Protein chains: 2
Amino acid sequence: MTQQRMVILEELRNVDSHPSADEVYAMVRKRLPRVSLGTIYRNLEILSKSGEIRRIDSGGNLKRFDGNADDHYHIRCLRCDRLVDAFIELGLDIDEQLKGATDFLVFGHRLEFVGLCPRCQPATAEPSSLTNEEPS
Amino acid sequence: MTQQRMVILEELRNVDSHPSADEVYAMVRKRLPRVSLGTIYRNLEILSKSGEIRRIDSGGNLKRFDGNADDHYHIRCLRCDRLVDAFIELGLDIDEQLKGATDFLVFGHRLEFVGLCPRCQPATAEPSSLTNEEPS
DNA sequence: GTCTGTGCAAAAAGTTTGCAGCCGA
DNA sequence: TCGGCTGCAAACTTTTTGCACAGAC
């Protein structure tokens, strides 16, 4: 556990903003000005493989990272792309629903909600102008 | 509606493989050898904005496209990255579960199942060696 | 004839990797 | 010490964009 890796982990645990690799880079560089982007990527990879953080791979162009490795969902703002924790329990086991309907061995699912965050709600009331993608 | 756009749409509707832009490019080039990748990207964008196809933005490095614009889910193989349709109805309105638990205006959700496809099941029985990402 | 769409190529954005030297167990 | 980690830079992958010309209406 090098200092770099430690600082990355600390910074990630101190925010609830689910930053991208670039944002983590900016955060870490305030404390370790000579750190490199490559180190950030390498450590984010290592930390998520070891289960200390979570890589969020759902919609969106760039990957985000979550200092909270516990199982939980997120909701993304379609306007500003902000990602916020959604601590809910679904009322049923949705993986279970799939058994019998697929010949895959089902391990789990990735679920992300989409909508408008409080800040962006005044600006837009038109879903259609925002979403032209996957399920709605 | 140019010939290029038409061919892209036709090819996409003729497969159930959810190809990436590059794969669409390869498919279209068999019929229009002089087509350019830029044209593929531009038309995939236009077609998904107009609702004739669907852009799939969930997990994975590159975006996939679906000639079937009807609402449905997918399951992704963690080993070979193949994406297959999963035509199931969830037993409840999961967006509804979120109301009250968030100050977002909820428009919908993106859901993708993950697992092992039939071809890859013999090769691996170890989920842990495959997934170190979002929900499970 | 106009105006959008195309092909081509370069650029942008995000991520990965090779390498030589440094650091921590 | 010594193997893994770092900084740096270059490379790679995917997607976007500028531009001049062609094709559709």
# chains A, B, ... in the order shown; residues from 1 in each chain; ligands from 1

call {"tool": "calpha_fit_and_write", "arguments": {"fixed": "chain A", "moving": "chain B", "output": "compact mmCIF listing (two decimals) with N, CA, C and O atoms, in the first residue's frame"}}
result
# COMPACT_ATOMS: atom_id res chain seq x y z
N MET B 1 0.81 -1.25 -0.12
CA MET B 1 -0.03 -0.02 -0.09
C MET B 1 0.87 1.22 -0.07
O MET B 1 1.37 1.61 0.98
N THR B 2 1.04 1.80 -1.22
CA THR B 2 1.87 3.00 -1.32
C THR B 2 1.08 4.22 -0.90
O THR B 2 -0.14 4.17 -0.75
N GLN B 3 1.82 5.32 -0.74
CA GLN B 3 1.16 6.55 -0.33
C GLN B 3 0.13 6.99 -1.38
O GLN B 3 -0.98 7.41 -1.04
N GLN B 4 0.53 6.86 -2.64
CA GLN B 4 -0.40 7.24 -3.71
C GLN B 4 -1.72 6.47 -3.60
O GLN B 4 -2.80 7.06 -3.66
N ARG B 5 -1.59 5.15 -3.44
CA ARG B 5 -2.81 4.33 -3.40
C ARG B 5 -3.66 4.72 -2.20
O ARG B 5 -4.88 4.78 -2.28
N MET B 6 -2.99 4.98 -1.08
CA MET B 6 -3.68 5.37 0.15
C MET B 6 -4.45 6.67 -0.04
O MET B 6 -5.61 6.78 0.36
N VAL B 7 -3.78 7.64 -0.64
CA VAL B 7 -4.44 8.94 -0.83
C VAL B 7 -5.63 8.82 -1.78
O VAL B 7 -6.70 9.40 -1.55
N ILE B 8 -5.48 8.05 -2.83
CA ILE B 8 -6.60 7.83 -3.75
C ILE B 8 -7.80 7.25 -3.01
O ILE B 8 -8.93 7.73 -3.14
N LEU B 9 -7.52 6.25 -2.19
CA LEU B 9 -8.59 5.60 -1.44
C LEU B 9 -9.24 6.57 -0.46
O LEU B 9 -10.47 6.65 -0.35
N GLU B 10 -8.41 7.34 0.25
CA GLU B 10 -8.95 8.30 1.20
C GLU B 10 -9.83 9.34 0.53
O GLU B 10 -10.93 9.64 1.00
N GLU B 11 -9.33 9.89 -0.55
CA GLU B 11 -10.08 10.93 -1.25
C GLU B 11 -11.42 10.39 -1.74
O GLU B 11 -12.44 11.06 -1.66
N LEU B 12 -11.37 9.17 -2.23
CA LEU B 12 -12.59 8.56 -2.76
C LEU B 12 -13.61 8.32 -1.65
O LEU B 12 -14.82 8.43 -1.85
N ARG B 13 -13.09 8.02 -0.47
CA ARG B 13 -14.01 7.75 0.64
C ARG B 13 -14.54 9.02 1.27
O ARG B 13 -15.52 9.00 2.00
N ASN B 14 -13.88 10.13 0.97
CA ASN B 14 -14.28 11.41 1.56
C ASN B 14 -15.34 12.15 0.76
O ASN B 14 -15.80 13.20 1.18
N VAL B 15 -15.66 11.64 -0.40
CA VAL B 15 -16.67 12.32 -1.20
C VAL B 15 -17.80 11.37 -1.53
O VAL B 15 -17.64 10.15 -1.47
N ASP B 16 -18.93 11.94 -1.89
CA ASP B 16 -20.03 11.08 -2.32
C ASP B 16 -20.41 11.41 -3.76
O ASP B 16 -21.52 11.20 -4.20
N SER B 17 -19.42 11.94 -4.49
CA SER B 17 -19.72 12.46 -5.83
C SER B 17 -19.43 11.50 -6.97
O SER B 17 -19.64 11.82 -8.12
N HIS B 18 -18.89 10.31 -6.65
CA HIS B 18 -18.62 9.34 -7.71
C HIS B 18 -17.79 9.91 -8.84
O HIS B 18 -18.22 9.95 -9.99
N PRO B 19 -16.58 10.36 -8.53
CA PRO B 19 -15.75 11.04 -9.53
C PRO B 19 -15.23 10.11 -10.62
O PRO B 19 -15.08 8.92 -10.42
N SER B 20 -14.93 10.72 -11.76
CA SER B 20 -14.25 10.03 -12.85
C SER B 20 -12.76 9.98 -12.52
O SER B 20 -12.30 10.62 -11.58
N ALA B 21 -12.01 9.21 -13.31
CA ALA B 21 -10.57 9.09 -13.08
C ALA B 21 -9.90 10.47 -13.08
O ALA B 21 -9.04 10.76 -12.26
N ASP B 22 -10.33 11.31 -14.00
CA ASP B 22 -9.76 12.64 -14.11
C ASP B 22 -10.04 13.48 -12.88
O ASP B 22 -9.21 14.26 -12.43
N GLU B 23 -11.23 13.33 -12.34
CA GLU B 23 -11.59 14.08 -11.14
C GLU B 23 -10.81 13.56 -9.94
O GLU B 23 -10.39 14.35 -9.08
N VAL B 24 -10.62 12.26 -9.88
CA VAL B 24 -9.80 11.69 -8.81
C VAL B 24 -8.39 12.25 -8.92
O VAL B 24 -7.77 12.64 -7.91
N TYR B 25 -7.90 12.30 -10.14
CA TYR B 25 -6.57 12.86 -10.41
C TYR B 25 -6.45 14.27 -9.83
O TYR B 25 -5.49 14.59 -9.11
N ALA B 26 -7.45 15.10 -10.11
CA ALA B 26 -7.44 16.47 -9.61
C ALA B 26 -7.45 16.50 -8.09
O ALA B 26 -6.72 17.28 -7.46
N MET B 27 -8.25 15.65 -7.48
CA MET B 27 -8.34 15.61 -6.02
C MET B 27 -7.02 15.18 -5.40
O MET B 27 -6.55 15.77 -4.42
N VAL B 28 -6.44 14.14 -5.97
CA VAL B 28 -5.21 13.59 -5.40
C VAL B 28 -4.04 14.55 -5.61
O VAL B 28 -3.18 14.68 -4.75
N ARG B 29 -4.06 15.25 -6.74
CA ARG B 29 -2.94 16.13 -7.04
C ARG B 29 -2.81 17.28 -6.05
O ARG B 29 -1.74 17.87 -5.90
N LYS B 30 -3.91 17.60 -5.39
CA LYS B 30 -3.83 18.66 -4.38
C LYS B 30 -2.94 18.22 -3.22
O LYS B 30 -2.32 19.04 -2.56
N ARG B 31 -2.92 16.93 -2.97
CA ARG B 31 -2.10 16.44 -1.87
C ARG B 31 -0.78 15.88 -2.36
O ARG B 31 0.22 15.90 -1.62
N LEU B 32 -0.74 15.35 -3.55
CA LEU B 32 0.48 14.79 -4.14
C LEU B 32 0.66 15.40 -5.53
O LEU B 32 0.30 14.78 -6.53
N PRO B 33 1.24 16.58 -5.57
CA PRO B 33 1.27 17.32 -6.84
C PRO B 33 2.00 16.60 -7.98
O PRO B 33 1.77 16.89 -9.14
N ARG B 34 2.87 15.66 -7.65
CA ARG B 34 3.64 15.03 -8.70
C ARG B 34 3.05 13.70 -9.17
O ARG B 34 3.67 12.97 -9.95
N VAL B 35 1.87 13.36 -8.68
CA VAL B 35 1.26 12.10 -9.08
C VAL B 35 0.92 12.14 -10.58
O VAL B 35 0.70 13.22 -11.14
N SER B 36 0.89 10.98 -11.21
CA SER B 36 0.58 10.94 -12.63
C SER B 36 -0.77 10.28 -12.88
O SER B 36 -1.24 9.47 -12.08
N LEU B 37 -1.35 10.62 -14.01
CA LEU B 37 -2.65 10.06 -14.36
C LEU B 37 -2.56 8.54 -14.49
O LEU B 37 -3.48 7.82 -14.09
N GLY B 38 -1.46 8.06 -15.04
CA GLY B 38 -1.27 6.62 -15.17
C GLY B 38 -1.37 5.91 -13.84
O GLY B 38 -1.99 4.85 -13.73
N THR B 39 -0.78 6.50 -12.84
CA THR B 39 -0.84 5.93 -11.49
C THR B 39 -2.27 5.91 -10.98
O THR B 39 -2.70 4.94 -10.34
N ILE B 40 -3.01 6.96 -11.26
CA ILE B 40 -4.42 7.00 -10.85
C ILE B 40 -5.18 5.84 -11.48
O ILE B 40 -5.85 5.08 -10.79
N TYR B 41 -5.03 5.70 -12.76
CA TYR B 41 -5.74 4.60 -13.45
C TYR B 41 -5.31 3.24 -12.91
O TYR B 41 -6.12 2.37 -12.66
N ARG B 42 -4.00 3.07 -12.75
CA ARG B 42 -3.53 1.76 -12.28
C ARG B 42 -4.08 1.44 -10.91
O ARG B 42 -4.50 0.31 -10.62
N ASN B 43 -4.12 2.43 -10.02
CA ASN B 43 -4.57 2.15 -8.66
C ASN B 43 -6.09 2.01 -8.57
O ASN B 43 -6.59 1.21 -7.77
N LEU B 44 -6.80 2.77 -9.38
CA LEU B 44 -8.26 2.60 -9.39
C LEU B 44 -8.60 1.19 -9.83
O LEU B 44 -9.50 0.54 -9.29
N GLU B 45 -7.85 0.70 -10.78
CA GLU B 45 -8.03 -0.68 -11.26
C GLU B 45 -7.76 -1.68 -10.13
O GLU B 45 -8.56 -2.56 -9.85
N ILE B 46 -6.63 -1.50 -9.47
CA ILE B 46 -6.24 -2.42 -8.39
C ILE B 46 -7.25 -2.37 -7.24
O ILE B 46 -7.68 -3.40 -6.73
N LEU B 47 -7.63 -1.16 -6.87
CA LEU B 47 -8.56 -1.02 -5.75
C LEU B 47 -9.93 -1.60 -6.06
O LEU B 47 -10.60 -2.15 -5.16
N SER B 48 -10.36 -1.49 -7.29
CA SER B 48 -11.68 -2.04 -7.58
C SER B 48 -11.61 -3.56 -7.73
O SER B 48 -12.56 -4.26 -7.38
N LYS B 49 -10.49 -4.06 -8.20
CA LYS B 49 -10.34 -5.51 -8.27
C LYS B 49 -10.30 -6.12 -6.87
O LYS B 49 -10.81 -7.22 -6.65
N SER B 50 -9.71 -5.40 -5.93
CA SER B 50 -9.61 -5.93 -4.58
C SER B 50 -10.87 -5.66 -3.77
O SER B 50 -10.98 -6.04 -2.61
N GLY B 51 -11.82 -4.96 -4.37
CA GLY B 51 -13.10 -4.77 -3.71
C GLY B 51 -13.17 -3.60 -2.74
O GLY B 51 -14.16 -3.44 -2.04
N GLU B 52 -12.14 -2.77 -2.72
CA GLU B 52 -12.18 -1.65 -1.77
C GLU B 52 -12.97 -0.47 -2.30
O GLU B 52 -13.44 0.36 -1.53
N ILE B 53 -13.06 -0.38 -3.60
CA ILE B 53 -13.92 0.64 -4.21
C ILE B 53 -14.73 -0.05 -5.29
O ILE B 53 -14.53 -1.22 -5.57
N ARG B 54 -15.60 0.71 -5.92
CA ARG B 54 -16.45 0.15 -6.94
C ARG B 54 -16.29 0.96 -8.21
O ARG B 54 -16.33 2.19 -8.17
N ARG B 55 -16.13 0.27 -9.34
CA ARG B 55 -16.12 0.97 -10.61
C ARG B 55 -17.54 0.96 -11.15
O ARG B 55 -18.19 -0.08 -11.15
N ILE B 56 -18.01 2.10 -11.58
CA ILE B 56 -19.39 2.19 -12.06
C ILE B 56 -19.38 2.28 -13.57
O ILE B 56 -18.90 3.24 -14.15
N ASP B 57 -19.92 1.25 -14.20
CA ASP B 57 -19.75 1.06 -15.63
C ASP B 57 -21.00 1.32 -16.44
O ASP B 57 -21.02 1.06 -17.62
N SER B 58 -22.03 1.79 -15.80
CA SER B 58 -23.28 1.94 -16.52
C SER B 58 -23.21 3.14 -17.46
O SER B 58 -22.15 3.61 -17.78
N GLY B 59 -24.35 3.62 -17.87
CA GLY B 59 -24.43 4.69 -18.85
C GLY B 59 -23.42 5.82 -18.63
O GLY B 59 -22.84 5.95 -17.56
N GLY B 60 -23.22 6.61 -19.64
CA GLY B 60 -22.27 7.70 -19.54
C GLY B 60 -20.99 7.37 -20.26
O GLY B 60 -20.65 6.22 -20.44
N ASN B 61 -20.28 8.39 -20.64
CA ASN B 61 -19.10 8.18 -21.47
C ASN B 61 -17.90 7.72 -20.67
O ASN B 61 -17.09 6.95 -21.13
N LEU B 62 -17.79 8.28 -19.47
CA LEU B 62 -16.60 7.90 -18.72
C LEU B 62 -16.97 7.15 -17.45
O LEU B 62 -18.04 7.30 -16.90
N LYS B 63 -16.03 6.35 -17.03
CA LYS B 63 -16.27 5.53 -15.86
C LYS B 63 -16.16 6.36 -14.60
O LYS B 63 -15.36 7.28 -14.50
N ARG B 64 -16.99 6.00 -13.62
CA ARG B 64 -16.95 6.69 -12.34
C ARG B 64 -16.50 5.70 -11.28
O ARG B 64 -16.59 4.49 -11.47
N PHE B 65 -16.06 6.24 -10.16
CA PHE B 65 -15.61 5.38 -9.07
C PHE B 65 -16.30 5.76 -7.78
O PHE B 65 -16.56 6.93 -7.52
N ASP B 66 -16.57 4.73 -6.98
CA ASP B 66 -17.37 4.91 -5.78
C ASP B 66 -16.61 4.38 -4.58
O ASP B 66 -16.25 3.20 -4.53
N GLY B 67 -16.33 5.26 -3.63
CA GLY B 67 -15.60 4.86 -2.43
C GLY B 67 -16.40 3.97 -1.51
O GLY B 67 -15.85 3.35 -0.61
N ASN B 68 -17.69 3.91 -1.74
CA ASN B 68 -18.55 3.03 -0.97
C ASN B 68 -18.75 1.73 -1.75
O ASN B 68 -19.49 1.69 -2.73
N ALA B 69 -18.10 0.67 -1.30
CA ALA B 69 -18.13 -0.59 -2.04
C ALA B 69 -19.34 -1.45 -1.71
O ALA B 69 -19.51 -2.51 -2.27
N ASP B 70 -20.15 -0.98 -0.77
CA ASP B 70 -21.37 -1.74 -0.46
C ASP B 70 -22.34 -1.69 -1.63
O ASP B 70 -22.37 -0.73 -2.37
N ASP B 71 -23.13 -2.72 -1.74
CA ASP B 71 -24.09 -2.81 -2.82
C ASP B 71 -25.14 -1.73 -2.72
O ASP B 71 -25.86 -1.64 -1.72
N HIS B 72 -25.23 -0.92 -3.74
CA HIS B 72 -26.31 0.06 -3.77
C HIS B 72 -26.47 0.56 -5.19
O HIS B 72 -25.60 0.39 -6.02
N TYR B 73 -27.59 1.21 -5.46
CA TYR B 73 -27.85 1.71 -6.79
C TYR B 73 -27.55 3.19 -6.87
O TYR B 73 -27.22 3.84 -5.88
N HIS B 74 -27.67 3.72 -8.10
CA HIS B 74 -27.47 5.15 -8.32
C HIS B 74 -28.55 5.70 -9.22
O HIS B 74 -29.20 4.96 -9.95
N ILE B 75 -28.69 7.01 -9.14
CA ILE B 75 -29.55 7.69 -10.12
C ILE B 75 -28.74 8.80 -10.76
O ILE B 75 -27.97 9.49 -10.09
N ARG B 76 -28.87 8.90 -12.06
CA ARG B 76 -28.06 9.83 -12.84
C ARG B 76 -28.94 10.95 -13.39
O ARG B 76 -30.04 10.69 -13.89
N CYS B 77 -28.45 12.17 -13.29
CA CYS B 77 -29.19 13.29 -13.86
C CYS B 77 -28.91 13.37 -15.36
O CYS B 77 -27.76 13.44 -15.78
N LEU B 78 -29.96 13.36 -16.14
CA LEU B 78 -29.80 13.35 -17.60
C LEU B 78 -29.30 14.69 -18.12
O LEU B 78 -28.83 14.78 -19.24
N ARG B 79 -29.43 15.71 -17.30
CA ARG B 79 -28.98 17.02 -17.77
C ARG B 79 -27.53 17.30 -17.37
O ARG B 79 -26.70 17.64 -18.20
N CYS B 80 -27.22 17.15 -16.10
CA CYS B 80 -25.88 17.53 -15.64
C CYS B 80 -24.99 16.31 -15.41
O CYS B 80 -23.83 16.44 -15.05
N ASP B 81 -25.52 15.11 -15.58
CA ASP B 81 -24.76 13.87 -15.48
C ASP B 81 -24.30 13.55 -14.06
O ASP B 81 -23.47 12.68 -13.85
N ARG B 82 -24.83 14.28 -13.08
CA ARG B 82 -24.48 13.99 -11.70
C ARG B 82 -25.01 12.63 -11.30
O ARG B 82 -26.07 12.20 -11.76
N LEU B 83 -24.26 11.93 -10.48
CA LEU B 83 -24.63 10.59 -10.06
C LEU B 83 -24.81 10.59 -8.55
O LEU B 83 -23.91 11.00 -7.82
N VAL B 84 -25.94 10.14 -8.09
CA VAL B 84 -26.27 10.22 -6.66
C VAL B 84 -26.68 8.83 -6.16
O VAL B 84 -27.29 8.06 -6.89
N ASP B 85 -26.32 8.53 -4.93
CA ASP B 85 -26.68 7.24 -4.35
C ASP B 85 -28.19 7.09 -4.23
O ASP B 85 -28.89 8.04 -3.89
N ALA B 86 -28.64 5.88 -4.47
CA ALA B 86 -30.06 5.55 -4.26
C ALA B 86 -30.11 4.30 -3.41
O ALA B 86 -29.98 3.20 -3.92
N PHE B 87 -30.27 4.52 -2.14
CA PHE B 87 -30.26 3.38 -1.21
C PHE B 87 -31.66 2.80 -1.09
O PHE B 87 -32.39 3.12 -0.14
N ILE B 88 -32.04 1.97 -2.02
CA ILE B 88 -33.35 1.33 -1.90
C ILE B 88 -33.18 -0.18 -2.05
O ILE B 88 -32.23 -0.67 -2.64
N GLU B 89 -34.14 -0.87 -1.48
CA GLU B 89 -34.23 -2.31 -1.67
C GLU B 89 -35.34 -2.55 -2.67
O GLU B 89 -36.45 -2.05 -2.49
N LEU B 90 -35.05 -3.30 -3.71
CA LEU B 90 -36.14 -3.63 -4.61
C LEU B 90 -37.04 -4.63 -3.91
O LEU B 90 -36.58 -5.43 -3.09
N GLY B 91 -38.29 -4.58 -4.22
CA GLY B 91 -39.26 -5.43 -3.53
C GLY B 91 -39.19 -6.90 -3.89
O GLY B 91 -39.91 -7.71 -3.37
N LEU B 92 -38.29 -7.23 -4.83
CA LEU B 92 -38.19 -8.64 -5.22
C LEU B 92 -36.82 -8.91 -5.83
O LEU B 92 -36.08 -7.99 -6.15
N ASP B 93 -36.52 -10.15 -5.96
CA ASP B 93 -35.24 -10.55 -6.55
C ASP B 93 -35.36 -10.55 -8.07
O ASP B 93 -35.92 -11.47 -8.66
N ILE B 94 -34.87 -9.50 -8.68
CA ILE B 94 -35.11 -9.39 -10.12
C ILE B 94 -34.28 -10.40 -10.92
O ILE B 94 -34.68 -10.80 -11.99
N ASP B 95 -33.15 -10.84 -10.38
CA ASP B 95 -32.38 -11.88 -11.07
C ASP B 95 -33.21 -13.16 -11.18
O ASP B 95 -33.14 -13.88 -12.17
N GLU B 96 -33.98 -13.39 -10.14
CA GLU B 96 -34.79 -14.60 -10.10
C GLU B 96 -35.81 -14.63 -11.24
O GLU B 96 -36.11 -15.69 -11.80
N GLN B 97 -36.29 -13.45 -11.59
CA GLN B 97 -37.28 -13.35 -12.67
C GLN B 97 -36.75 -13.86 -14.00
O GLN B 97 -37.49 -14.24 -14.88
N LEU B 98 -35.45 -13.82 -14.12
CA LEU B 98 -34.83 -14.13 -15.40
C LEU B 98 -34.58 -15.63 -15.58
O LEU B 98 -34.52 -16.14 -16.69
N LYS B 99 -34.45 -16.31 -14.48
CA LYS B 99 -34.20 -17.76 -14.55
C LYS B 99 -35.35 -18.42 -15.32
O LYS B 99 -36.52 -18.14 -15.07
N GLY B 100 -35.00 -19.28 -16.22
CA GLY B 100 -36.04 -19.92 -17.01
C GLY B 100 -36.29 -19.18 -18.31
O GLY B 100 -36.71 -19.78 -19.30
N ALA B 101 -36.01 -17.88 -18.32
CA ALA B 101 -36.21 -17.10 -19.53
C ALA B 101 -34.92 -16.95 -20.32
O ALA B 101 -34.88 -16.30 -21.36
N THR B 102 -33.83 -17.49 -19.81
CA THR B 102 -32.54 -17.36 -20.48
C THR B 102 -31.72 -18.62 -20.27
O THR B 102 -31.92 -19.33 -19.29
N ASP B 103 -30.81 -18.89 -21.20
CA ASP B 103 -29.92 -20.02 -21.00
C ASP B 103 -28.58 -19.55 -20.45
O ASP B 103 -27.62 -20.29 -20.37
N PHE B 104 -28.51 -18.27 -20.08
CA PHE B 104 -27.34 -17.75 -19.39
C PHE B 104 -27.35 -18.25 -17.93
O PHE B 104 -28.40 -18.51 -17.36
N LEU B 105 -26.16 -18.31 -17.38
CA LEU B 105 -26.04 -18.48 -15.94
C LEU B 105 -26.04 -17.07 -15.37
O LEU B 105 -25.10 -16.30 -15.60
N VAL B 106 -27.08 -16.70 -14.66
CA VAL B 106 -27.25 -15.31 -14.23
C VAL B 106 -26.47 -15.02 -12.95
O VAL B 106 -26.69 -15.68 -11.94
N PHE B 107 -25.56 -14.07 -13.01
CA PHE B 107 -24.80 -13.70 -11.81
C PHE B 107 -25.40 -12.50 -11.10
O PHE B 107 -25.28 -12.37 -9.90
N GLY B 108 -25.98 -11.59 -11.87
CA GLY B 108 -26.52 -10.40 -11.23
C GLY B 108 -26.98 -9.40 -12.27
O GLY B 108 -27.28 -9.76 -13.39
N HIS B 109 -27.01 -8.15 -11.88
CA HIS B 109 -27.50 -7.13 -12.80
C HIS B 109 -26.86 -5.79 -12.48
O HIS B 109 -26.32 -5.61 -11.39
N ARG B 110 -26.90 -4.93 -13.46
CA ARG B 110 -26.49 -3.54 -13.26
C ARG B 110 -27.72 -2.68 -13.47
O ARG B 110 -28.38 -2.79 -14.50
N LEU B 111 -28.01 -1.87 -12.51
CA LEU B 111 -29.21 -1.05 -12.58
C LEU B 111 -28.87 0.38 -12.21
O LEU B 111 -28.20 0.63 -11.22
N GLU B 112 -29.30 1.28 -13.04
CA GLU B 112 -29.09 2.70 -12.77
C GLU B 112 -30.36 3.44 -13.13
O GLU B 112 -30.92 3.23 -14.21
N PHE B 113 -30.81 4.28 -12.24
CA PHE B 113 -31.99 5.08 -12.53
C PHE B 113 -31.57 6.36 -13.24
O PHE B 113 -30.43 6.80 -13.10
N VAL B 114 -32.48 6.92 -14.01
CA VAL B 114 -32.19 8.19 -14.67
C VAL B 114 -33.34 9.16 -14.42
O VAL B 114 -34.49 8.74 -14.25
N GLY B 115 -32.99 10.42 -14.37
CA GLY B 115 -34.01 11.42 -14.11
C GLY B 115 -33.40 12.81 -14.10
O GLY B 115 -32.37 13.05 -14.73
N LEU B 116 -34.06 13.71 -13.41
CA LEU B 116 -33.56 15.08 -13.29
C LEU B 116 -33.30 15.37 -11.83
O LEU B 116 -34.18 15.16 -10.98
N CYS B 117 -32.11 15.89 -11.54
CA CYS B 117 -31.79 16.21 -10.16
C CYS B 117 -32.51 17.50 -9.77
O CYS B 117 -32.98 18.24 -10.63
N PRO B 118 -32.60 17.76 -8.47
CA PRO B 118 -33.34 18.94 -8.00
C PRO B 118 -32.85 20.23 -8.65
O PRO B 118 -33.65 21.08 -9.05
N ARG B 119 -31.54 20.36 -8.80
CA ARG B 119 -30.99 21.59 -9.40
C ARG B 119 -31.45 21.78 -10.83
O ARG B 119 -31.59 22.90 -11.30
N CYS B 120 -31.59 20.68 -11.55
CA CYS B 120 -31.89 20.78 -12.98
C CYS B 120 -33.39 20.76 -13.28
O CYS B 120 -33.80 21.02 -14.41
N GLN B 121 -34.20 20.46 -12.29
CA GLN B 121 -35.63 20.35 -12.55
C GLN B 121 -36.26 21.66 -13.02
O GLN B 121 -37.07 21.64 -13.95
N PRO B 122 -35.90 22.78 -12.44
CA PRO B 122 -36.51 24.03 -12.92
C PRO B 122 -36.20 24.27 -14.39
O PRO B 122 -37.04 24.79 -15.13
N ALA B 123 -35.04 23.88 -14.81
CA ALA B 123 -34.59 24.19 -16.16
C ALA B 123 -35.33 23.39 -17.24
O ALA B 123 -35.54 23.87 -18.34
N THR B 124 -35.71 22.19 -16.93
CA THR B 124 -36.27 21.30 -17.96
C THR B 124 -37.44 20.50 -17.43
O THR B 124 -37.38 19.97 -16.34
N ALA B 125 -38.45 20.37 -18.21
CA ALA B 125 -39.53 19.47 -17.82
C ALA B 125 -39.79 18.48 -18.94
O ALA B 125 -40.72 17.71 -18.91
N GLU B 126 -38.93 18.50 -19.93
CA GLU B 126 -39.12 17.70 -21.14
C GLU B 126 -38.22 16.48 -21.20
O GLU B 126 -37.12 16.54 -21.75
N PRO B 127 -38.69 15.37 -20.70
CA PRO B 127 -37.90 14.15 -20.77
C PRO B 127 -37.41 13.88 -22.19
O PRO B 127 -36.27 13.55 -22.42
N SER B 128 -38.30 14.05 -23.16
CA SER B 128 -37.99 13.64 -24.53
C SER B 128 -36.78 14.37 -25.09
O SER B 128 -36.09 13.86 -25.96
N SER B 129 -36.53 15.56 -24.59
CA SER B 129 -35.39 16.31 -25.11
C SER B 129 -34.08 15.78 -24.55
O SER B 129 -33.01 16.17 -24.98
N LEU B 130 -34.19 14.89 -23.61
CA LEU B 130 -32.98 14.45 -22.93
C LEU B 130 -32.61 13.01 -23.23
O LEU B 130 -31.46 12.67 -23.41
N THR B 131 -33.60 12.16 -23.31
CA THR B 131 -33.28 10.75 -23.40
C THR B 131 -33.65 10.17 -24.74
O THR B 131 -34.78 10.27 -25.19
N ASN B 132 -32.68 9.62 -25.42
CA ASN B 132 -32.96 8.88 -26.63
C ASN B 132 -32.15 7.61 -26.58
O ASN B 132 -31.54 7.18 -27.52
N GLU B 133 -32.12 7.07 -25.42
CA GLU B 133 -31.30 5.90 -25.23
C GLU B 133 -32.06 4.74 -24.65
O GLU B 133 -33.28 4.73 -24.61
N GLU B 134 -31.31 3.82 -24.16
CA GLU B 134 -31.82 2.57 -23.58
C GLU B 134 -33.06 2.76 -22.73
O GLU B 134 -33.53 3.87 -22.57
N PRO B 135 -33.55 1.65 -22.21
CA PRO B 135 -34.82 1.68 -21.49
C PRO B 135 -35.26 3.03 -20.96
O PRO B 135 -34.54 4.00 -20.97
N SER B 136 -36.43 3.17 -20.57
CA SER B 136 -36.84 4.43 -20.02
C SER B 136 -37.75 4.13 -18.84
O SER B 136 -38.35 4.98 -18.32

call {"tool": "select_by_dssp", "arguments": {"residues": "chain B", "states": "strand (DSSP E)", "output": "JSON, numbers by chain"}}
result
{"B": [54, 55, 56, 64, 65, 66, 73, 74, 75, 76, 77, 83, 84, 85, 86, 105, 106, 107, 108, 109, 110, 111, 112, 113, 114, 115, 116]}

call {"tool": "write_last_selection", "arguments": {"atoms": "C-alpha atoms", "output": "CSV table (one decimal), in the first residue's frame"}}
result
chain,number,residue,atom,x,y,z
B,54,ARG,CA,-31.6,2.1,-29.7
B,55,ARG,CA,-28.2,3.0,-28.4
B,56,ILE,CA,-27.2,0.7,-25.5
B,64,ARG,CA,-23.8,-1.1,-28.9
B,65,PHE,CA,-26.8,-0.5,-31.2
B,66,ASP,CA,-30.0,-2.3,-31.3
B,73,TYR,CA,-33.6,-5.7,-21.4
B,74,HIS,CA,-30.3,-7.4,-22.2
B,75,ILE,CA,-28.0,-9.8,-20.6
B,76,ARG,CA,-24.3,-9.6,-21.2
B,77,CYS,CA,-21.8,-12.4,-21.0
B,83,LEU,CA,-25.2,-9.2,-25.5
B,84,VAL,CA,-28.4,-11.1,-25.8
B,85,ASP,CA,-32.1,-9.9,-25.6
B,86,ALA,CA,-33.9,-10.7,-22.4
B,105,LEU,CA,-37.6,13.5,-10.9
B,106,VAL,CA,-37.4,9.8,-11.9
B,107,PHE,CA,-37.8,9.2,-15.7
B,108,GLY,CA,-36.8,5.6,-15.8
B,109,HIS,CA,-33.9,3.2,-15.4
B,110,ARG,CA,-31.2,1.3,-17.3
B,111,LEU,CA,-31.0,-2.4,-16.4
B,112,GLU,CA,-28.7,-5.0,-17.8
B,113,PHE,CA,-28.2,-8.5,-16.5
B,114,VAL,CA,-24.8,-10.1,-16.4
B,115,GLY,CA,-23.8,-13.7,-16.4
B,116,LEU,CA,-22.2,-16.4,-18.5

call {"tool": "interface_residues", "arguments": {"of": "chain C", "to": "chain A", "cutoff": "9 Å", "atoms": "only C-alpha atoms (C1' of nucleotides)", "output": "short mmCIF file (atom, residue, chain, number, x, y, z; two decimals) with C-alpha atoms (C1' of nucleotides), in the first residue's frame"}}
result
data_model
loop_
_atom_site.label_atom_id
_atom_site.label_comp_id
_atom_site.auth_asym_id
_atom_site.auth_seq_id
_atom_site.Cartn_x
_atom_site.Cartn_y
_atom_site.Cartn_z
"C1'" DG C 14 -10.37 8.51 -22.30
"C1'" DT C 15 -7.47 4.82 -21.11
"C1'" DT C 16 -3.49 1.71 -21.34
"C1'" DC C 23 10.50 3.20 -2.72
"C1'" DG C 24 8.85 0.40 0.86
#
